[in-house]
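Q: Structure file query.cif, mmCIF, C-alpha atoms, is pasted below:
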data_entry
#
loop_
_atom_site.label_atom_id
_atom_site.label_comp_id
_atom_site.auth_asym_id
_atom_site.auth_seq_id
_atom_site.Cartn_x
_atom_site.Cartn_y
_atom_site.Cartn_z
CA MET A 1383 4.53 40.23 35.52
CA ILE A 1384 5.05 37.24 33.24
CA ILE A 1385 8.19 35.17 32.78
CA LEU A 1386 8.74 33.64 29.34
CA GLU A 1387 11.50 31.06 29.02
CA PHE A 1388 13.23 29.92 25.81
CA LYS A 1389 15.94 27.37 25.14
CA ALA A 1390 19.08 29.13 23.88
CA TYR A 1391 21.24 27.62 21.13
CA GLY A 1392 24.71 28.77 20.22
CA LYS A 1393 28.26 27.56 19.57
CA ARG A 1394 30.69 26.13 22.06
CA ASN A 1395 32.64 29.37 22.40
CA GLN A 1396 29.39 31.18 23.22
CA TYR A 1397 28.60 28.68 25.98
CA LEU A 1398 32.09 29.21 27.39
CA ALA A 1399 31.45 32.97 27.33
CA ILE A 1400 28.22 32.46 29.29
CA ASP A 1401 30.12 30.38 31.86
CA GLU A 1402 32.66 33.19 32.19
CA ALA A 1403 29.84 35.69 32.74
CA LEU A 1404 28.40 33.45 35.46
CA ARG A 1405 31.78 33.30 37.20
CA THR A 1406 32.00 37.09 37.06
CA VAL A 1407 28.52 37.43 38.57
CA LYS A 1408 29.56 35.12 41.40
CA PHE A 1409 32.74 37.13 41.97
CA ILE A 1410 30.86 40.44 42.20
CA ARG A 1411 28.23 39.05 44.55
CA ASN A 1412 30.78 37.46 46.88
CA SER A 1413 32.90 40.64 46.82
CA CYS A 1414 29.86 42.68 47.84
CA ILE A 1415 29.15 40.28 50.71
CA ARG A 1416 32.76 40.64 51.88
CA TYR A 1417 32.56 44.43 51.58
CA TRP A 1418 29.41 44.43 53.74
CA MET A 1419 31.05 42.17 56.33
CA ASP A 1420 34.13 44.42 56.59
CA ASN A 1421 32.29 47.77 56.71
CA LYS A 1422 29.47 48.70 59.06
CA GLY A 1423 26.50 50.66 57.82
CA VAL A 1424 26.74 49.56 54.20
CA ASN A 1425 23.44 49.84 52.31
CA LYS A 1426 22.10 48.81 48.92
CA PHE A 1427 23.39 51.91 47.13
CA ASP A 1428 26.88 51.45 48.57
CA LEU A 1429 26.99 47.95 47.08
CA ASN A 1430 25.94 49.30 43.67
CA LYS A 1431 28.77 51.83 43.85
CA TYR A 1432 31.19 49.10 44.93
CA SER A 1433 30.31 47.02 41.86
CA LYS A 1434 31.47 49.97 39.74
CA ILE A 1435 34.74 50.10 41.71
CA LEU A 1436 35.26 46.39 41.06
CA ALA A 1437 34.86 47.01 37.33
CA LYS A 1438 37.70 49.54 37.45
CA GLN A 1439 39.97 47.23 39.44
CA PHE A 1440 39.38 44.00 37.50
CA PRO A 1441 39.27 43.93 33.67
CA PHE A 1442 37.19 40.74 33.55
CA ALA A 1443 34.52 42.44 35.70
CA ASN A 1444 34.52 45.48 33.40
CA GLN A 1445 33.72 43.18 30.46
CA LEU A 1446 30.33 42.40 31.98
CA ASN A 1447 27.49 44.80 31.27
CA SER A 1448 26.99 47.48 33.93
CA THR A 1449 23.35 46.51 34.56
CA ALA A 1450 24.40 42.88 35.07
CA ARG A 1451 26.94 44.05 37.65
CA GLN A 1452 24.23 46.05 39.40
CA SER A 1453 21.96 43.02 39.42
CA SER A 1454 24.73 40.98 41.06
CA ALA A 1455 25.11 43.62 43.77
CA GLU A 1456 21.33 43.63 44.26
CA ARG A 1457 21.40 39.85 44.73
CA ALA A 1458 23.97 40.30 47.48
CA TRP A 1459 21.81 42.94 49.14
CA SER A 1460 18.69 40.75 48.95
CA SER A 1461 20.44 38.07 51.02
CA ILE A 1462 21.58 40.75 53.51
CA ALA A 1463 18.09 42.27 53.73
CA ARG A 1464 16.58 38.83 54.32
CA PHE A 1465 19.05 38.29 57.18
CA TYR A 1466 18.10 41.65 58.72
CA GLU A 1467 14.40 40.86 58.38
CA ASN A 1468 14.78 37.48 60.11
CA CYS A 1469 16.68 39.14 62.95
CA GLN A 1470 14.01 41.81 63.40
CA LYS A 1471 11.23 39.21 63.40
CA LYS A 1472 13.26 37.07 65.83
CA VAL A 1473 12.87 33.98 63.69
CA PRO A 1474 13.82 30.93 65.80
CA GLY A 1475 16.97 29.04 64.88
CA LYS A 1476 19.40 30.22 62.23
CA LYS A 1477 18.75 33.66 60.80
CA GLY A 1478 20.28 33.02 57.38
CA PHE A 1479 23.54 34.93 57.63
CA PRO A 1480 24.71 35.71 54.05
CA LYS A 1481 27.09 33.11 52.70
CA PHE A 1482 29.58 33.19 49.87
CA GLN A 1483 28.16 31.63 46.73
CA LYS A 1484 29.84 28.48 45.49
CA HIS A 1485 27.84 27.96 42.32
CA CYS A 1486 26.12 30.57 40.16
CA ARG A 1487 23.62 29.54 37.50
CA SER A 1488 22.16 32.79 36.16
CA VAL A 1489 23.19 36.24 34.99
CA GLU A 1490 20.59 39.00 34.82
CA TYR A 1491 20.54 42.00 32.51
CA LYS A 1492 18.19 44.93 32.85
CA GLN A 1493 17.11 46.96 29.82
CA SER A 1494 20.53 47.27 28.22
CA GLY A 1495 23.26 44.90 27.10
CA TRP A 1496 20.97 42.88 24.85
CA LYS A 1497 18.96 43.31 21.66
CA LEU A 1498 16.21 41.23 20.06
CA SER A 1499 16.05 40.56 16.33
CA PRO A 1500 13.05 42.00 14.42
CA ASP A 1501 11.34 38.59 14.33
CA LYS A 1502 12.25 38.09 18.03
CA LYS A 1503 13.70 34.65 17.38
CA TRP A 1504 17.28 35.71 18.12
CA ILE A 1505 18.87 37.70 20.91
CA VAL A 1506 22.25 39.43 20.85
CA PHE A 1507 24.22 40.21 24.02
CA SER A 1508 26.46 43.17 23.31
CA ASP A 1509 28.81 43.26 26.32
CA LYS A 1510 32.48 42.35 26.03
CA LYS A 1511 32.08 38.78 27.31
CA GLY A 1512 31.57 37.59 23.76
CA ILE A 1513 28.24 35.79 24.20
CA GLY A 1514 26.96 37.22 20.94
CA LYS A 1515 23.90 35.99 19.04
CA LEU A 1516 21.79 33.14 20.47
CA LYS A 1517 18.87 31.40 18.82
CA LEU A 1518 15.65 31.19 20.90
CA LYS A 1519 13.34 28.21 20.77
CA GLY A 1520 10.11 27.94 22.75
CA THR A 1521 6.32 27.76 22.59
CA TRP A 1522 5.64 31.39 23.58
CA ASP A 1523 5.78 34.22 21.06
CA LEU A 1524 7.53 37.43 22.04
CA TRP A 1525 5.97 39.41 19.18
CA ARG A 1526 2.85 39.90 21.31
CA PHE A 1527 4.78 42.17 23.68
CA ASP A 1528 6.53 45.46 23.11
CA LYS A 1529 10.22 45.69 23.94
CA LYS A 1530 9.49 48.37 26.56
CA GLN A 1531 7.51 45.79 28.50
CA ILE A 1532 10.61 43.58 28.94
CA LYS A 1533 12.15 44.66 32.24
CA ARG A 1534 14.75 41.95 32.82
CA VAL A 1535 16.54 39.30 30.73
CA ARG A 1536 18.26 36.35 32.39
CA ILE A 1537 20.56 33.66 31.06
CA VAL A 1538 20.09 30.49 33.12
CA ARG A 1539 22.35 27.45 33.02
CA ARG A 1540 20.79 24.08 33.76
CA ALA A 1541 21.95 20.50 33.42
CA ASP A 1542 20.32 20.15 29.99
CA GLY A 1543 21.53 23.42 28.48
CA TYR A 1544 21.13 27.19 28.59
CA TYR A 1545 17.89 29.15 28.77
CA VAL A 1546 16.91 32.81 28.31
CA GLN A 1547 14.15 34.22 30.50
CA PHE A 1548 12.22 37.43 29.78
CA CYS A 1549 10.50 39.24 32.67
CA ILE A 1550 7.60 41.07 31.01
CA GLN A 1551 5.37 43.63 32.64
CA ALA A 1552 1.90 42.67 31.45
CA ASP A 1553 -1.54 41.98 32.85
CA ASN A 1554 -2.11 38.24 33.10
CA ASN A 1555 -5.49 38.24 34.87
CA GLU A 1556 -8.65 36.56 33.58
CA GLN A 1557 -12.20 36.80 34.82
CA LEU A 1558 -14.22 33.60 35.17
CA LYS A 1559 -17.88 33.04 35.85
CA PRO A 1560 -18.71 32.13 39.48
CA ALA A 1561 -18.44 28.40 40.08
CA ASP A 1562 -20.82 28.44 43.09
CA ALA A 1563 -18.52 26.03 44.93
CA THR A 1564 -16.09 26.10 47.83
CA ILE A 1565 -13.55 23.46 48.76
CA GLY A 1566 -11.13 22.56 51.52
CA LEU A 1567 -7.93 20.62 50.80
CA ASP A 1568 -5.95 18.42 53.15
CA VAL A 1569 -2.60 17.40 51.67
CA GLY A 1570 -1.04 14.11 52.69
CA LEU A 1571 1.42 11.37 51.84
CA LYS A 1572 -0.97 8.51 51.16
CA ASP A 1573 -2.97 10.69 48.74
CA PHE A 1574 -1.68 13.96 47.36
CA TYR A 1575 -4.77 15.70 48.69
CA THR A 1576 -8.27 14.91 49.93
CA ASP A 1577 -10.96 17.55 49.48
CA SER A 1578 -13.97 18.36 51.64
CA LYS A 1579 -16.24 16.44 49.25
CA GLY A 1580 -14.33 13.21 49.84
CA ASN A 1581 -12.51 13.15 46.50
CA THR A 1582 -8.84 12.19 46.50
CA GLU A 1583 -5.92 12.78 44.16
CA PRO A 1584 -3.25 10.04 44.07
CA ASN A 1585 0.28 10.90 45.09
CA PRO A 1586 2.55 10.34 42.04
CA ARG A 1587 5.79 10.03 44.11
CA PHE A 1588 8.07 11.15 41.28
CA TYR A 1589 11.27 10.89 43.31
CA ARG A 1590 10.44 7.42 44.64
CA THR A 1591 9.77 6.09 41.15
CA GLY A 1592 13.01 7.58 39.80
CA GLU A 1593 15.16 6.75 42.83
CA LYS A 1594 16.52 3.53 41.36
CA ARG A 1595 17.77 5.38 38.28
CA LEU A 1596 19.25 8.15 40.42
CA LYS A 1597 21.23 5.63 42.45
CA PHE A 1598 22.55 4.10 39.24
CA TYR A 1599 23.89 7.46 37.98
CA GLN A 1600 25.19 8.36 41.45
CA ARG A 1601 27.28 5.17 41.46
CA ARG A 1602 28.67 6.11 38.05
CA VAL A 1603 29.73 9.50 39.42
CA SER A 1604 31.44 7.87 42.41
CA ARG A 1605 33.45 5.52 40.21
CA LYS A 1606 34.90 8.24 38.00
CA LYS A 1607 38.20 9.92 38.76
CA LYS A 1608 37.83 13.35 40.33
CA GLY A 1609 38.55 16.16 37.89
CA SER A 1610 38.21 13.96 34.81
CA ALA A 1611 36.00 14.67 31.80
CA ASN A 1612 34.11 11.40 32.36
CA ARG A 1613 33.22 12.50 35.88
CA ARG A 1614 31.86 15.80 34.58
CA LYS A 1615 29.74 13.91 32.06
CA ALA A 1616 28.43 11.59 34.77
CA ILE A 1617 27.58 14.56 37.01
CA ASN A 1618 25.72 16.19 34.15
CA ARG A 1619 23.73 13.03 33.48
CA LEU A 1620 22.82 12.79 37.16
CA GLY A 1621 21.78 16.45 37.17
CA ARG A 1622 19.58 15.94 34.12
CA THR A 1623 17.78 13.09 35.87
CA HIS A 1624 17.16 15.26 38.94
CA LEU A 1625 15.95 18.06 36.68
CA LYS A 1626 13.48 15.77 34.94
CA ILE A 1627 11.99 14.69 38.28
CA SER A 1628 11.67 18.26 39.54
CA ARG A 1629 9.99 19.37 36.30
CA ARG A 1630 7.46 16.55 36.48
CA ARG A 1631 6.65 17.45 40.08
CA GLU A 1632 6.26 21.13 39.23
CA GLU A 1633 4.05 20.42 36.22
CA HIS A 1634 1.86 18.09 38.28
CA ALA A 1635 1.35 20.74 40.99
CA LYS A 1636 0.61 23.42 38.37
CA ARG A 1637 -1.95 21.28 36.52
CA LEU A 1638 -3.83 20.34 39.70
CA ALA A 1639 -3.78 23.87 41.11
CA ARG A 1640 -5.21 25.31 37.90
CA CYS A 1641 -8.06 22.78 37.82
CA VAL A 1642 -8.91 23.33 41.51
CA ILE A 1643 -8.93 27.13 41.21
CA ARG A 1644 -11.05 27.21 38.05
CA SER A 1645 -13.64 24.89 39.60
CA ASN A 1646 -14.13 26.71 42.93
CA ASP A 1647 -14.78 30.24 44.15
CA LEU A 1648 -12.93 29.67 47.43
CA VAL A 1649 -10.10 27.21 48.10
CA ALA A 1650 -8.92 26.57 51.65
CA TYR A 1651 -5.73 24.76 52.60
CA GLU A 1652 -3.44 24.36 55.61
CA ASP A 1653 -0.78 26.95 56.36
CA LEU A 1654 1.91 24.30 56.74
CA ARG A 1655 5.51 25.04 57.74
CA ILE A 1656 7.35 22.58 55.52
CA LYS A 1657 10.69 23.54 57.05
CA ASN A 1658 9.52 22.24 60.41
CA LEU A 1659 7.82 19.14 59.02
CA VAL A 1660 10.96 17.85 57.28
CA LYS A 1661 12.77 17.77 60.63
CA ASN A 1662 11.10 14.37 61.03
CA HIS A 1663 13.77 12.28 59.29
CA CYS A 1664 11.39 9.35 58.86
CA LEU A 1665 9.07 11.42 56.65
CA ALA A 1666 11.40 14.08 55.22
CA LYS A 1667 11.99 12.35 51.88
CA SER A 1668 8.29 11.65 51.31
CA ILE A 1669 7.28 15.21 52.27
CA ASN A 1670 9.81 16.76 49.91
CA ASP A 1671 8.76 14.35 47.18
CA ALA A 1672 5.10 15.34 47.52
CA GLY A 1673 5.78 18.97 46.61
CA TRP A 1674 3.23 20.62 48.91
CA TYR A 1675 4.92 24.00 48.67
CA GLN A 1676 4.81 24.02 44.86
CA PHE A 1677 1.12 23.15 45.00
CA ARG A 1678 0.36 26.00 47.41
CA LYS A 1679 2.46 28.41 45.34
CA TRP A 1680 0.48 27.65 42.19
CA LEU A 1681 -2.85 27.79 44.06
CA GLU A 1682 -2.06 31.32 45.15
CA HIS A 1683 -0.86 32.30 41.70
CA PHE A 1684 -3.91 31.01 39.83
CA GLY A 1685 -6.16 32.42 42.56
CA ASP A 1686 -4.72 35.83 41.77
CA LYS A 1687 -4.93 35.28 38.02
CA PHE A 1688 -8.55 34.07 37.89
CA GLY A 1689 -9.91 36.24 40.72
CA ARG A 1690 -10.57 33.40 43.16
CA VAL A 1691 -10.16 33.49 46.94
CA THR A 1692 -7.49 31.26 48.50
CA VAL A 1693 -7.27 30.95 52.27
CA ALA A 1694 -4.44 29.45 54.35
CA VAL A 1695 -5.79 28.32 57.75
CA ASN A 1696 -4.06 27.27 60.93
CA PRO A 1697 -3.54 23.47 60.69
CA ALA A 1698 -3.79 22.91 64.47
CA TYR A 1699 -6.27 20.14 65.40
CA THR A 1700 -7.81 19.90 61.93
CA SER A 1701 -7.27 16.13 62.06
CA GLN A 1702 -8.22 15.71 65.72
CA ASN A 1703 -11.48 17.70 65.86
CA CYS A 1704 -14.71 16.06 64.74
CA SER A 1705 -16.18 17.83 61.72
CA ASN A 1706 -19.71 16.98 62.91
CA CYS A 1707 -19.76 17.93 66.59
CA GLY A 1708 -16.38 19.56 67.19
CA GLU A 1709 -15.30 17.05 69.83
CA VAL A 1710 -11.56 16.37 70.07
CA VAL A 1711 -10.82 12.75 69.11
CA LYS A 1712 -7.18 11.91 69.80
CA LYS A 1713 -5.57 9.75 67.15
CA SER A 1714 -2.04 8.85 66.11
CA LEU A 1715 -0.64 9.32 62.63
CA SER A 1716 -1.21 5.63 61.85
CA THR A 1717 -4.97 5.91 62.60
CA ARG A 1718 -6.54 6.59 59.22
CA THR A 1719 -10.24 6.55 60.19
CA HIS A 1720 -11.98 9.20 62.29
CA ILE A 1721 -14.60 7.68 64.61
CA CYS A 1722 -16.49 9.93 67.02
CA LYS A 1723 -19.02 9.08 69.72
CA CYS A 1724 -21.56 11.29 67.92
CA GLY A 1725 -21.69 8.65 65.19
CA CYS A 1726 -19.49 10.43 62.66
CA GLN A 1727 -17.18 8.02 60.85
CA LEU A 1728 -15.01 9.41 58.07
CA ASP A 1729 -11.61 8.99 56.55
CA ARG A 1730 -9.10 10.96 58.59
CA ASP A 1731 -8.12 13.24 55.69
CA HIS A 1732 -11.74 13.80 54.64
CA ASN A 1733 -12.59 14.92 58.17
CA ALA A 1734 -9.59 17.28 58.18
CA ALA A 1735 -10.59 18.78 54.82
CA ILE A 1736 -14.07 19.59 56.11
CA ASN A 1737 -12.57 21.27 59.20
CA ILE A 1738 -10.21 23.27 56.99
CA LEU A 1739 -13.09 24.57 54.87
CA GLU A 1740 -15.21 25.47 57.91
CA ARG A 1741 -12.31 27.27 59.51
CA ALA A 1742 -11.64 29.19 56.29
CA LEU A 1743 -15.26 30.29 55.92
CA SER A 1744 -15.26 31.60 59.49
CA THR A 1745 -11.90 33.40 59.27
CA VAL A 1746 -11.73 34.82 55.71
CA GLY A 1747 -9.72 38.00 55.88
CA HIS A 1748 -7.00 36.95 58.31
CA THR A 1749 -3.27 37.15 57.58
CA GLY A 1750 -3.13 33.93 55.56
CA THR A 1751 -5.90 34.94 53.17
CA ARG A 1752 -5.19 35.68 49.53
CA ILE A 1753 -7.89 37.99 48.12
CA ILE A 1754 -7.84 39.78 44.80
CA ASP A 1755 -10.13 42.66 45.87
CA PRO A 1756 -7.73 45.57 46.62
CA ASN A 1757 -10.13 46.93 49.26
CA ALA A 1758 -10.31 43.62 51.16
CA CYS A 1759 -8.06 42.47 53.98
CA GLY A 1760 -5.22 40.08 53.35
CA GLU A 1761 -1.83 40.13 51.73
CA GLU A 1762 -1.23 40.15 48.00
CA THR A 1763 0.36 37.17 46.36
CA SER A 1764 3.09 37.36 43.77
CA THR A 1765 2.20 37.03 40.11
CA VAL A 1766 5.50 35.88 38.65
CA LEU A 1767 6.00 32.16 38.97
CA GLY A 1768 7.21 30.73 35.72
CA SER A 1769 6.57 30.12 32.09
CA GLY A 1770 3.57 28.33 30.60
CA LEU A 1771 0.94 29.95 32.81
CA GLU A 1772 -1.76 29.96 30.21
#
Output the structure of this file as structure tokens.

A:
Amino acid sequence: MIILEFKAYGKRNQYLAIDEALRTVKFIRNSCIRYWMDNKGVNKFDLNKYSKILAKQFPFANQLNSTARQSSAERAWSSIARFYENCQKKVPGKKGFPKFQKHCRSVEYKQSGWKLSPDKKWIVFSDKKGIGKLKLKGTWDLWRFDKKQIKRVRIVRRADGYYVQFCIQADNNEQLKPADATIGLDVGLKDFYTDSKGNTEPNPRFYRTGEKRLKFYQRRVSRKKKGSANRRKAINRLGRTHLKISRRREEHAKRLARCVIRSNDLVAYEDLRIKNLVKNHCLAKSINDAGWYQFRKWLEHFGDKFGRVTVAVNPAYTSQNCSNCGEVVKKSLSTRTHICKCGCQLDRDHNAAINILERALSTVGHTGTRIIDPNACGEETSTVLGSGLE
């Protein structure tokens, strides 16, 4: 699957129609959550039927395309199914009980309710919301794909405008020549990562560099009167600044992951639980700013695309064990140099990266392994991550 994203241009009344469609999607999803809470034994198909009942009861819901209503009900069920799964797995802490949605930023159509122009530069939404014809602008060309390959179409609202996403069923894999190289990566806060060869990648710290500007726009929001047009404009400007930072972080992770995967036959990294790491309030901001999860996500995606092996290993004692003799050398987080009695003296992160690679080579095929061979052990990674994957 591939996701192609285009900026959508229209008139003000069309944007208002999109906002109305988003409010309807939120209403249907929240109504399905309430229906599930009030009735025991409700399943996915019951929620789909209930979305049809809502369309008969409320005229504004009937104006939305039937497939969009079904997608809203499916979103409600996905949150319910995730809650059930966490309960069955006995996940510690909160299980993620479905909540009512306060903000909705996307409406999803299936294979009806929309139509592309012959040159595929325009899209027309034909439901009764009045969205109409929108101009598409982007770097990808839809003419390469047949309309039957487009399985879903989404309208997404962001701080800087509206976007149309196309979910296309297509093969996106490429075969590369063997690189005859393996690498272990240890992510950190001082450097973005250190590999098993001793090379480091600097941490760009996008949020830290833009924090001063964010505080400036946050003060402007606080000074505006609640409910006023100026406050809405200030909130939008603040949101656009946040969006710019998140896009830079995502693009940085994608660029690095692609280079690492293309240059190595096997890439090993730590199976970190970011949710647990950010509980340390002294480091939470820096950990979130680093974007380790985005980096791992793109490593797994490009590993699947280019036929490379990616392995997630247990991070326990990778920094404490000596990469030369295996002896445990206790050290605090502030100790940046690994010194062992066997004579091994390395940077702390370099030592950890070597241990990660050795552990991956000895345990390839365990649960955290991502392997493209369908006959090999390991779980399959997802292939849909975003636009601009080439």

Q: Could you check which residues have any atom within 12 Å of (10.9, 3.9, 48.5), counting all atoms listed in the file with coordinates taken straight from the file, and then list them as a ChimeraX atom specification?

A: /A:1587-1594,1664-1665,1667-1668,1671

Q: Name the residues in contact with Pro1441 in chain A at a cut-off of 12 Å, using all atoms listed in the file, excluding same-chain residues fewer than 4 positions from it; report them as number ranges by chain.

A: A: 1406, 1434-1437, 1445-1446, 1510-1511

Q: Measuring between all atoms listed in the file, which one of A:Ile1384, A:Glu1583, A:Asn1662, A:Phe1465 shows the shortest distance to Ala1552 in chain A?

A: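 Of the candidates, the smallest distance to Ala1552 in chain A is held by A:Ile1384.
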
Q: In Å, with one decimal, what is the gap from CA of Lys1572 in chain A to CA of Arg1655 in chain A?

A: 18.9 Å

Q: Leaving out Lys1626 in chain A and any residue of its chain fewer than 6 positions from it, which residues lie within 12 Å of it when counting all atoms listed in the file, given as an MDAnalysis selection string?

A: chainID A and resid 1540:1542 1588:1589 1592 1595:1596 1619:1620 1632:1633

Q: Using 12 Å as the limit and counting all atoms listed in the file, can you tabulate each residue of range 1522-1611 of chain A that touches range 1706-1725 of chain A, with its shortest atom-to-atom distance in Å and the two atoms involved, as CSV?

A:
residue,atom,partner,partner_atom,distance
A:Gly1570,CA,A:Leu1715,CA,11.0
A:Leu1571,CA,A:Leu1715,CA,11.2
A:Lys1572,CA,A:Arg1718,CA,10.0
A:Asp1573,CA,A:Arg1718,CA,11.8

Q: Give as a list in words the residues that the PyMOL selection byres ((chain A and resi 1388-1397) around 6) matches when applied to the coordinates above.

A: Glu1387, Leu1398, Ala1399, Ile1400, Ile1513, Leu1516, Lys1517, Leu1518, Lys1519, Gly1520, Tyr1544, Tyr1545 and Val1546 of chain A
